[in-house]
Amino acid sequence: MAIFSMIGLLFCPLISLLSAAWFYVRWQNSDPEAENVPYEKKRMKISLIVFVVSLVVFGVLKLIFPFNV
């Protein structure tokens with residue numbers, strides 16, 4: 001079971017960074033008069049916050065429980 005948690009911890013920051021990049025591109029390429037522009041910017045900021053938090057959690061867990069693969 002430890003290998004599955006390790007894989008999840010490795011890919012969580014990557015997936016959240018990719019989603020932040022996706023929302024950034026949608027926000028930059030959207031029409032300024034469109035109604036969903038503020039939501040795309042908000043989603044991008046939330047995804048960046050999730051990226052930073054997951055990176056910190058992964059780093060702390062990596063320091064506490066080093067794994068050798």
# chains A, B, ... in the order shown; residues from 1 in each chain; ligands from 1
$ residues_around --residues "segment 26-31 of chain A" --least-positions-apart "6" --cutoff "9 Å" --atoms "only C-alpha atoms" --output "MDAnalysis selection string"
chainID A and resid 37:41 44
$ residues_around --residues "Ala20 of chain A" --least-positions-apart "5" --cutoff "12 Å" --atoms "only C-alpha atoms" --output "PDB file with N, CA, C and O atoms, in the first residue's frame"
ATOM      1  N   PRO A  13       1.071  16.981  -7.062  1.00  0.00           N
ATOM      2  CA  PRO A  13       1.542  18.318  -7.463  1.00  0.00           C
ATOM      3  C   PRO A  13       1.592  18.500  -8.976  1.00  0.00           C
ATOM      4  O   PRO A  13       1.267  19.569  -9.492  1.00  0.00           O
ATOM      5  N   LEU A  14       1.957  17.460  -9.685  1.00  0.00           N
ATOM      6  CA  LEU A  14       2.020  17.543 -11.138  1.00  0.00           C
ATOM      7  C   LEU A  14       0.644  17.775 -11.756  1.00  0.00           C
ATOM      8  O   LEU A  14       0.477  18.635 -12.622  1.00  0.00           O
ATOM      9  N   ILE A  15      -0.338  17.050 -11.289  1.00  0.00           N
ATOM     10  CA  ILE A  15      -1.694  17.195 -11.827  1.00  0.00           C
ATOM     11  C   ILE A  15      -2.265  18.563 -11.488  1.00  0.00           C
ATOM     12  O   ILE A  15      -2.895  19.213 -12.326  1.00  0.00           O
ATOM     13  N   VAL A  25      -4.412  29.175 -19.431  1.00  0.00           N
ATOM     14  CA  VAL A  25      -4.566  29.293 -20.880  1.00  0.00           C
ATOM     15  C   VAL A  25      -6.005  29.623 -21.240  1.00  0.00           C
ATOM     16  O   VAL A  25      -6.268  30.481 -22.095  1.00  0.00           O
ATOM     17  N   ARG A  26      -6.959  28.988 -20.564  1.00  0.00           N
ATOM     18  CA  ARG A  26      -8.372  29.302 -20.830  1.00  0.00           C
ATOM     19  C   ARG A  26      -8.693  30.742 -20.451  1.00  0.00           C
ATOM     20  O   ARG A  26      -9.471  31.410 -21.125  1.00  0.00           O
ATOM     21  N   TRP A  27      -8.097  31.223 -19.364  1.00  0.00           N
ATOM     22  CA  TRP A  27      -8.335  32.593 -18.917  1.00  0.00           C
ATOM     23  C   TRP A  27      -7.738  33.601 -19.899  1.00  0.00           C
ATOM     24  O   TRP A  27      -8.354  34.595 -20.243  1.00  0.00           O
ATOM     25  N   GLU A  40     -12.556  31.491 -14.419  1.00  0.00           N
ATOM     26  CA  GLU A  40     -11.316  30.856 -14.892  1.00  0.00           C
ATOM     27  C   GLU A  40     -10.121  31.375 -14.093  1.00  0.00           C
ATOM     28  O   GLU A  40      -9.232  30.602 -13.742  1.00  0.00           O
ATOM     29  N   LYS A  41     -10.102  32.662 -13.809  1.00  0.00           N
ATOM     30  CA  LYS A  41      -9.009  33.223 -13.014  1.00  0.00           C
ATOM     31  C   LYS A  41      -9.045  32.684 -11.590  1.00  0.00           C
ATOM     32  O   LYS A  41      -8.015  32.357 -11.013  1.00  0.00           O
ATOM     33  N   LYS A  42     -10.237  32.552 -11.039  1.00  0.00           N
ATOM     34  CA  LYS A  42     -10.386  32.018  -9.685  1.00  0.00           C
ATOM     35  C   LYS A  42      -9.956  30.558  -9.635  1.00  0.00           C
ATOM     36  O   LYS A  42      -9.270  30.140  -8.700  1.00  0.00           O
ATOM     37  N   ARG A  43     -10.339  29.781 -10.628  1.00  0.00           N
ATOM     38  CA  ARG A  43      -9.936  28.375 -10.679  1.00  0.00           C
ATOM     39  C   ARG A  43      -8.430  28.244 -10.826  1.00  0.00           C
ATOM     40  O   ARG A  43      -7.824  27.329 -10.252  1.00  0.00           O
ATOM     41  N   MET A  44      -7.812  29.138 -11.593  1.00  0.00           N
ATOM     42  CA  MET A  44      -6.366  29.099 -11.756  1.00  0.00           C
ATOM     43  C   MET A  44      -5.678  29.367 -10.422  1.00  0.00           C
ATOM     44  O   MET A  44      -4.738  28.670 -10.044  1.00  0.00           O
ATOM     45  N   LYS A  45      -6.158  30.369  -9.678  1.00  0.00           N
ATOM     46  CA  LYS A  45      -5.553  30.687  -8.390  1.00  0.00           C
ATOM     47  C   LYS A  45      -5.729  29.546  -7.394  1.00  0.00           C
ATOM     48  O   LYS A  45      -4.802  29.212  -6.655  1.00  0.00           O
ATOM     49  N   ILE A  46      -6.895  28.931  -7.390  1.00  0.00           N
ATOM     50  CA  ILE A  46      -7.133  27.802  -6.496  1.00  0.00           C
ATOM     51  C   ILE A  46      -6.222  26.633  -6.860  1.00  0.00           C
ATOM     52  O   ILE A  46      -5.657  25.976  -5.976  1.00  0.00           O
ATOM     53  N   SER A  47      -6.041  26.380  -8.138  1.00  0.00           N
ATOM     54  CA  SER A  47      -5.157  25.291  -8.570  1.00  0.00           C
ATOM     55  C   SER A  47      -3.713  25.562  -8.191  1.00  0.00           C
ATOM     56  O   SER A  47      -2.985  24.637  -7.810  1.00  0.00           O
ATOM     57  N   LEU A  48      -3.278  26.812  -8.266  1.00  0.00           N
ATOM     58  CA  LEU A  48      -1.920  27.143  -7.841  1.00  0.00           C
ATOM     59  C   LEU A  48      -1.748  26.977  -6.337  1.00  0.00           C
ATOM     60  O   LEU A  48      -0.698  26.521  -5.867  1.00  0.00           O
ATOM     61  N   ILE A  49      -2.767  27.329  -5.575  1.00  0.00           N
ATOM     62  CA  ILE A  49      -2.702  27.145  -4.127  1.00  0.00           C
ATOM     63  C   ILE A  49      -2.645  25.656  -3.783  1.00  0.00           C
ATOM     64  O   ILE A  49      -1.859  25.233  -2.922  1.00  0.00           O
ATOM     65  N   VAL A  50      -3.443  24.854  -4.477  1.00  0.00           N
ATOM     66  CA  VAL A  50      -3.417  23.408  -4.270  1.00  0.00           C
ATOM     67  C   VAL A  50      -2.051  22.851  -4.639  1.00  0.00           C
ATOM     68  O   VAL A  50      -1.528  21.964  -3.948  1.00  0.00           O
ATOM     69  N   PHE A  51      -1.445  23.362  -5.691  1.00  0.00           N
ATOM     70  CA  PHE A  51      -0.098  22.916  -6.089  1.00  0.00           C
ATOM     71  C   PHE A  51       0.911  23.188  -4.987  1.00  0.00           C
ATOM     72  O   PHE A  51       1.683  22.308  -4.608  1.00  0.00           O
ATOM     73  N   VAL A  52       0.903  24.390  -4.448  1.00  0.00           N
ATOM     74  CA  VAL A  52       1.871  24.747  -3.413  1.00  0.00           C
ATOM     75  C   VAL A  52       1.638  23.908  -2.151  1.00  0.00           C
ATOM     76  O   VAL A  52       2.594  23.402  -1.550  1.00  0.00           O
TER      77      VAL A  52
END
$ closest_residue --among "A:Ser16, A:Met6, A:Glu33, A:Tyr24" --to "Gly59 of chain A" --atoms "only C-alpha atoms"
A:Met6
$ select_by_dssp --residues "chain A" --states "helix (DSSP H, G or I)" --output "MDAnalysis selection string"
chainID A and resid 2:29 37:64
$ atom_distance --atom1 "atom CA of Val53 of chain A" --atom2 "atom CA of Ala21 of chain A"
16.3 Å
$ decode --residues "segment 6-68 of chain A" --atoms "C-alpha atoms" --output "compact mmCIF listing (two decimals), in the first residue's frame"
# COMPACT_ATOMS: atom_id res chain seq x y z
CA MET A 6 3.94 7.30 -2.90
CA ILE A 7 2.64 7.40 -6.47
CA GLY A 8 -0.28 9.58 -5.39
CA LEU A 9 2.01 11.97 -3.57
CA LEU A 10 4.30 12.21 -6.58
CA PHE A 11 1.56 12.93 -9.10
CA CYS A 12 -0.69 15.21 -7.04
CA PRO A 13 1.54 18.32 -7.46
CA LEU A 14 2.02 17.54 -11.14
CA ILE A 15 -1.69 17.20 -11.83
CA SER A 16 -2.56 20.37 -9.91
CA LEU A 17 0.14 22.32 -11.78
CA LEU A 18 -1.18 21.04 -15.11
CA SER A 19 -4.72 22.06 -14.17
CA ALA A 20 -3.48 25.53 -13.15
CA ALA A 21 -1.76 25.86 -16.52
CA TRP A 22 -4.94 24.72 -18.27
CA PHE A 23 -7.07 27.33 -16.47
CA TYR A 24 -4.42 30.01 -17.16
CA VAL A 25 -4.57 29.29 -20.88
CA ARG A 26 -8.37 29.30 -20.83
CA TRP A 27 -8.34 32.59 -18.92
CA GLN A 28 -5.88 34.26 -21.33
CA ASN A 29 -7.62 33.04 -24.47
CA SER A 30 -11.17 33.84 -23.39
CA ASP A 31 -13.21 36.74 -24.67
CA PRO A 32 -13.09 39.69 -22.22
CA GLU A 33 -16.86 40.11 -22.44
CA ALA A 34 -17.54 36.46 -21.65
CA GLU A 35 -19.26 35.70 -18.38
CA ASN A 36 -16.90 32.92 -17.26
CA VAL A 37 -13.67 34.97 -17.24
CA PRO A 38 -13.61 35.63 -13.47
CA TYR A 39 -14.28 31.96 -12.78
CA GLU A 40 -11.32 30.86 -14.89
CA LYS A 41 -9.01 33.22 -13.01
CA LYS A 42 -10.39 32.02 -9.68
CA ARG A 43 -9.94 28.38 -10.68
CA MET A 44 -6.37 29.10 -11.76
CA LYS A 45 -5.55 30.69 -8.39
CA ILE A 46 -7.13 27.80 -6.50
CA SER A 47 -5.16 25.29 -8.57
CA LEU A 48 -1.92 27.14 -7.84
CA ILE A 49 -2.70 27.14 -4.13
CA VAL A 50 -3.42 23.41 -4.27
CA PHE A 51 -0.10 22.92 -6.09
CA VAL A 52 1.87 24.75 -3.41
CA VAL A 53 0.09 22.98 -0.55
CA SER A 54 0.54 19.53 -2.09
CA LEU A 55 4.20 20.28 -2.79
CA VAL A 56 4.75 21.30 0.83
CA VAL A 57 2.91 18.24 2.13
CA PHE A 58 4.92 15.99 -0.17
CA GLY A 59 8.18 17.61 0.94
CA VAL A 60 7.37 17.27 4.62
CA LEU A 61 6.30 13.65 4.24
CA LYS A 62 9.43 12.96 2.18
CA LEU A 63 11.58 14.32 4.99
CA ILE A 64 9.71 12.44 7.70
CA PHE A 65 9.37 9.13 5.83
CA PRO A 66 12.14 8.77 3.24
CA PHE A 67 11.44 5.99 0.78
CA ASN A 68 13.90 3.89 -1.14
